[in-house]
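Below: one structure, written as structure tokens.
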Amino acid sequence: MSVLLIAEHNNKEVRPFTYNAITAASQINEDLHVLVLGHQADDVAKSLSEVPNVKKVIHVDNEIYENYIAENYAAAIIKHAESYSHIVSSANTFGKNLMPRIAALLDTSQVSDIIKVISEDTFLRPIYAGNAFATVKSNDKKKCVTIRPTSFDPADKSGGSAEITKSDPAEASSSTKFLKKEEVKSDRPELGTARIVISGGRGMQNGENFKLISDIADKLNAAIGASRAAVDAGYITNDHQVGQTGKVVVPDLYIAVGISGAIQHLAGMKESKVIVAINKDGEAPIFSVADYGLEADLFEALPQFLSELNKLNTIQK
Amino acid sequence: MKILVAVKRVIDYNVQIRVKEDGSGVVTDNVKMSTNPPDDNAIEEAVKIKEAGKAKEIVAITIGEEKAQETVRKALAVGADRGIHVKVDNVIEPLAVSKILKKIVEKENPDLVFMGKQAIDDDCNQTGQMLAALLNWPQATFASKIEVKDNALEVTREIDEGLETIEVNVPAIVTCDLRLNEPRYASLPNIMKAKKKPIEQLNASDLGVDINPRIEQIKVEEPPKRKAGIKVASVEELVQKLKNEAKVI
């Protein structure tokens, strides 16, 4: 019994959720190997070999793995699947796109988005936008599992020295071509791993008003989130969406501004440690999950909030 | 081009889910059901492509109990030409769904298969990718923009970092994001016309695929409830509470 984790990275650095997935994967079984498919990603392989939980790194270097083409990735992973009882990845857009393709090729029924490892074959996962938790047992010989990264702490990054072995690429697909990636660059913390998140909803009224949010985000070193309504209305780009079909966040502090709190949004943030809701509608469902609710017009409350924060000198970074 | 669109009947997105007391699942009796929301986007996109003269026929398919037919009927009312209903008695897993869809694809020979990126009941997000693997077709998941080219699609995908654009050769599978388009409502005359459009009924057991569950659902329970919070009277009070009580700033 060994576990094969598929690393997510940008060929230079390991993407942070890979470390959370490592924690979950090593709870399934301690014999954890990591597969790095990339192009000139030696630094990624080296970083992962230093993770104490990792027992072995398999590195496949080829230009066909420069971008995430699921068809190419899956073909390479299948070549290694034989030796493993579990194949795992994080349940973000990387793993969601990739893992079912592997599972189908292995004739395995995938277990998606687990939030707890109960045993080697039994897992807890949310269903219905997190309104119910299902305990499921996989009876397939080989198991394909994706992991909700925010439900597991990131693994320690240094102190280990796993062996790195090189392996050959599989055949590339000619039917899929990568054209471009429009990545939103920001100096702010990543939404998925930020300690504080401040999100705006339809109540923001337009994109310009998000400046009220970003000023506070700058002050608190927070990431910026949004409800689906705000993204659909074009106030902010899709990578900020928190919810059932967007990102799941579990920060220490989540501030929801002008967000009514549809169950689809709550699905992405209700596990946050402390939740603040600022909304002028006192009946808004967001107040039912908020630790601190402020019934107020956000256009008055946000500038006040910023000036109160400015009075404090002890904002944690 | 011919487009096959897969739709699923799920508990309506506005319904507050209730977990059964015996832990066997969630309450579905007398609960409002509707089409899985991103499947509506999949139908809408197919209809738009047909309206642009780039597709000849749209076939809507669902797999489920008798009443799942309603979702096909709705697809017919917004522009699908005919329907297929594959009957199954129990809930089946995405792997089984994709095996059934593969059989239908082999029979119907569509150029494209569209469906929603995930179903809002089991939140699995698997079927499209699995079908693509079983057919050895390219996949374009989480699509927020589709451009039809000669024998290929240019698809913009919503990913965690932003947007990615890929080109997939036809035949291909596309799973649709909610932002792909604005699904239309069916007009009354079109609802009436849809009643005359044909729906072919098949039984999953006749298709010769293994749809037995591989995953045992041991129990379904309510998630832990958050303890009730408080309302604060002012921004000053909020900041004080966050600093001195919650100690998060």
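Going through the structure tokens in order, the chains are called A, B, and so on, while each chain numbers its residues from 1 and the ligands are numbered from 1 in the order shown.
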### Message
What parts of segment 129-234 of chain A does DSSP call helix (DSSP H, G or I)? I'd like the answer as a ChimeraX atom specification.
### Response
/A:149-151,202-204,210-220,228-232
Using only C-alpha atoms, what does the table of chain A residues within 7 Å of chain B look like, with each row giving the shortest atom pair and its distance in Å to one decimal, sorted by chain and ascending number, as CSV?
residue,atom,partner,partner_atom,distance
A:Glu71,CA,B:Pro138,CA,6.8
A:Thr93,CA,B:Ile159,CA,5.5
A:Lys96,CA,B:Asn125,CA,6.6
A:Asn97,CA,B:Thr141,CA,6.6
A:Pro100,CA,B:Gln126,CA,5.2
A:Arg101,CA,B:Met130,CA,5.0
A:Ala104,CA,B:Met130,CA,5.0
A:Leu105,CA,B:Ala133,CA,6.2
A:Ser109,CA,B:Leu95,CA,5.7
A:Ser112,CA,B:Cys124,CA,5.6
A:Ile127,CA,B:Asp122,CA,5.1
A:Tyr128,CA,B:Asp121,CA,4.7
A:Ala129,CA,B:Ile120,CA,6.9
A:Asn131,CA,B:Ile17,CA,6.3
A:Ala132,CA,B:Glu222,CA,5.0
A:Phe133,CA,B:Glu221,CA,5.3
A:Ala134,CA,B:Val220,CA,4.4
A:Thr135,CA,B:Lys219,CA,5.3
A:Val136,CA,B:Gln217,CA,4.6
A:Lys137,CA,B:Glu216,CA,5.0
A:Ser138,CA,B:Ile215,CA,4.5
A:Asn139,CA,B:Arg214,CA,5.3
A:Asp140,CA,B:Arg214,CA,6.0
A:Ser175,CA,B:Asn169,CA,5.0
A:Thr176,CA,B:Val168,CA,4.5
A:Lys177,CA,B:Glu167,CA,5.0
A:Phe178,CA,B:Ile166,CA,4.6
A:Leu179,CA,B:Ile166,CA,5.0
A:Lys180,CA,B:Thr165,CA,5.2
A:Lys181,CA,B:Glu164,CA,4.3
A:Glu182,CA,B:Leu163,CA,5.1
A:Glu183,CA,B:Gly162,CA,4.9
A:Val184,CA,B:Gly162,CA,5.8
A:Asp232,CA,B:Arg179,CA,6.6
A:Asn238,CA,B:Gly162,CA,6.6
A:Asp239,CA,B:Gly162,CA,5.0
A:Asp252,CA,B:Val248,CA,6.7
A:Leu253,CA,B:Val248,CA,6.5
A:Val289,CA,B:Arg226,CA,6.5
A:Ala290,CA,B:Gly229,CA,5.7
A:Asp291,CA,B:Gly229,CA,3.9
A:Tyr292,CA,B:Ile230,CA,5.2
A:Gly293,CA,B:Lys231,CA,4.4
A:Leu294,CA,B:Val232,CA,5.4
A:Ala301,CA,B:Val235,CA,6.5
A:Gln304,CA,B:Val235,CA,6.6
A:Phe305,CA,B:Val235,CA,5.9
A:Glu308,CA,B:Glu236,CA,6.6
A:Ile315,CA,B:Ile249,CA,5.5
A:Gln316,CA,B:Ile249,CA,6.1
Emit the selected residues as a JSON list (two decimals), in the first residue's frame, including C-alpha atoms.
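Final output, saved to selection-v3.json:
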[["chain", "number", "residue", "atom", "x", "y", "z"],
["A", 71, "GLU", "CA", -5.00, 14.40, -21.29],
["A", 93, "THR", "CA", -9.48, 23.36, -10.32],
["A", 96, "LYS", "CA", -10.96, 18.52, -10.25],
["A", 97, "ASN", "CA", -10.01, 18.69, -13.92],
["A", 100, "PRO", "CA", -11.75, 11.95, -12.86],
["A", 101, "ARG", "CA", -9.87, 11.34, -16.09],
["A", 104, "ALA", "CA", -12.16, 6.49, -15.37],
["A", 105, "LEU", "CA", -9.04, 5.07, -17.06],
["A", 109, "SER", "CA", -15.22, 5.45, -8.74],
["A", 112, "SER", "CA", -14.18, 13.84, -4.44],
["A", 127, "ILE", "CA", -22.47, 17.12, -0.20],
["A", 128, "TYR", "CA", -25.25, 19.56, -1.09],
["A", 129, "ALA", "CA", -23.00, 22.60, -0.77],
["A", 131, "ASN", "CA", -25.38, 21.18, 4.04],
["A", 132, "ALA", "CA", -24.77, 17.51, 4.72],
["A", 133, "PHE", "CA", -21.68, 15.43, 5.43],
["A", 134, "ALA", "CA", -21.44, 11.94, 3.95],
["A", 135, "THR", "CA", -19.23, 9.16, 5.30],
["A", 136, "VAL", "CA", -18.28, 7.03, 2.31],
["A", 137, "LYS", "CA", -16.33, 3.82, 1.90],
["A", 138, "SER", "CA", -14.62, 3.07, -1.39],
["A", 139, "ASN", "CA", -14.71, -0.58, -2.40],
["A", 140, "ASP", "CA", -12.53, -0.15, -5.48],
["A", 175, "SER", "CA", -6.22, 16.96, -29.73],
["A", 176, "THR", "CA", -5.72, 19.56, -27.02],
["A", 177, "LYS", "CA", -3.61, 22.69, -27.33],
["A", 178, "PHE", "CA", -2.78, 25.18, -24.64],
["A", 179, "LEU", "CA", -3.27, 28.72, -25.95],
["A", 180, "LYS", "CA", -2.90, 31.12, -23.04],
["A", 181, "LYS", "CA", -3.32, 31.73, -19.35],
["A", 182, "GLU", "CA", -4.52, 35.05, -17.97],
["A", 183, "GLU", "CA", -3.24, 34.97, -14.44],
["A", 184, "VAL", "CA", -4.28, 37.72, -12.09],
["A", 232, "ASP", "CA", -21.39, 37.64, -12.55],
["A", 238, "ASN", "CA", -13.70, 35.01, -11.32],
["A", 239, "ASP", "CA", -10.61, 34.00, -9.35],
["A", 252, "ASP", "CA", -9.17, 33.11, 10.82],
["A", 253, "LEU", "CA", -11.35, 36.09, 9.93],
["A", 289, "VAL", "CA", -23.53, 32.33, 10.39],
["A", 290, "ALA", "CA", -21.88, 35.56, 11.55],
["A", 291, "ASP", "CA", -20.12, 35.79, 14.92],
["A", 292, "TYR", "CA", -20.38, 39.57, 14.68],
["A", 293, "GLY", "CA", -23.09, 41.17, 12.61],
["A", 294, "LEU", "CA", -23.25, 44.85, 11.84],
["A", 301, "ALA", "CA", -19.41, 51.45, 7.59],
["A", 304, "GLN", "CA", -15.33, 54.06, 9.38],
["A", 305, "PHE", "CA", -13.94, 50.54, 9.66],
["A", 308, "GLU", "CA", -10.87, 52.55, 13.26],
["A", 315, "ILE", "CA", -2.37, 44.75, 12.98],
["A", 316, "GLN", "CA", -0.85, 41.28, 12.65]]
### Task
as a PyMOL selection string, list the residues of segment 284-313 of chain A assigned to strand (DSSP E or B) by DSSP on the backbone atoms of this structure.
chain A and resi 292-295
### Task
Calculate how many Å separate atom CA of Val36 of chain A from atom CA of Gly192 of chain A, rounding to one decimal.
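Atom CA of Val36 of chain A sits 21.8 Å away from atom CA of Gly192 of chain A.
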### Message
Please list as an NGL selection string every residue within 8 Å of Tyr73 of chain A, counting only C-alpha atoms and excluding residues in the same chain fewer than 6 positions away.
### Response
:A and (37 or 65 or 98)
Filtering to C-alpha atoms, could you give me those residues as a PDB file, in the first residue's frame?
ATOM      1  CA  LEU A  37       5.089  16.349 -14.059  1.00  0.00           C
ATOM      2  CA  TYR A  65       3.949  19.056 -19.107  1.00  0.00           C
ATOM      3  CA  LEU A  98      -7.480  15.895 -13.742  1.00  0.00           C
TER       4      LEU A  98
END
### Task
For Thr150 of chain A, work out the shell of residues within 10 Å, counting only C-alpha atoms and skipping chain neighbours fewer than 2 positions away, then give it as JSON, numbers by chain.
{"A": [17, 20, 21, 90, 91, 115, 147, 148, 152, 153, 154, 192, 193, 247, 248, 249, 250, 251, 271, 272]}
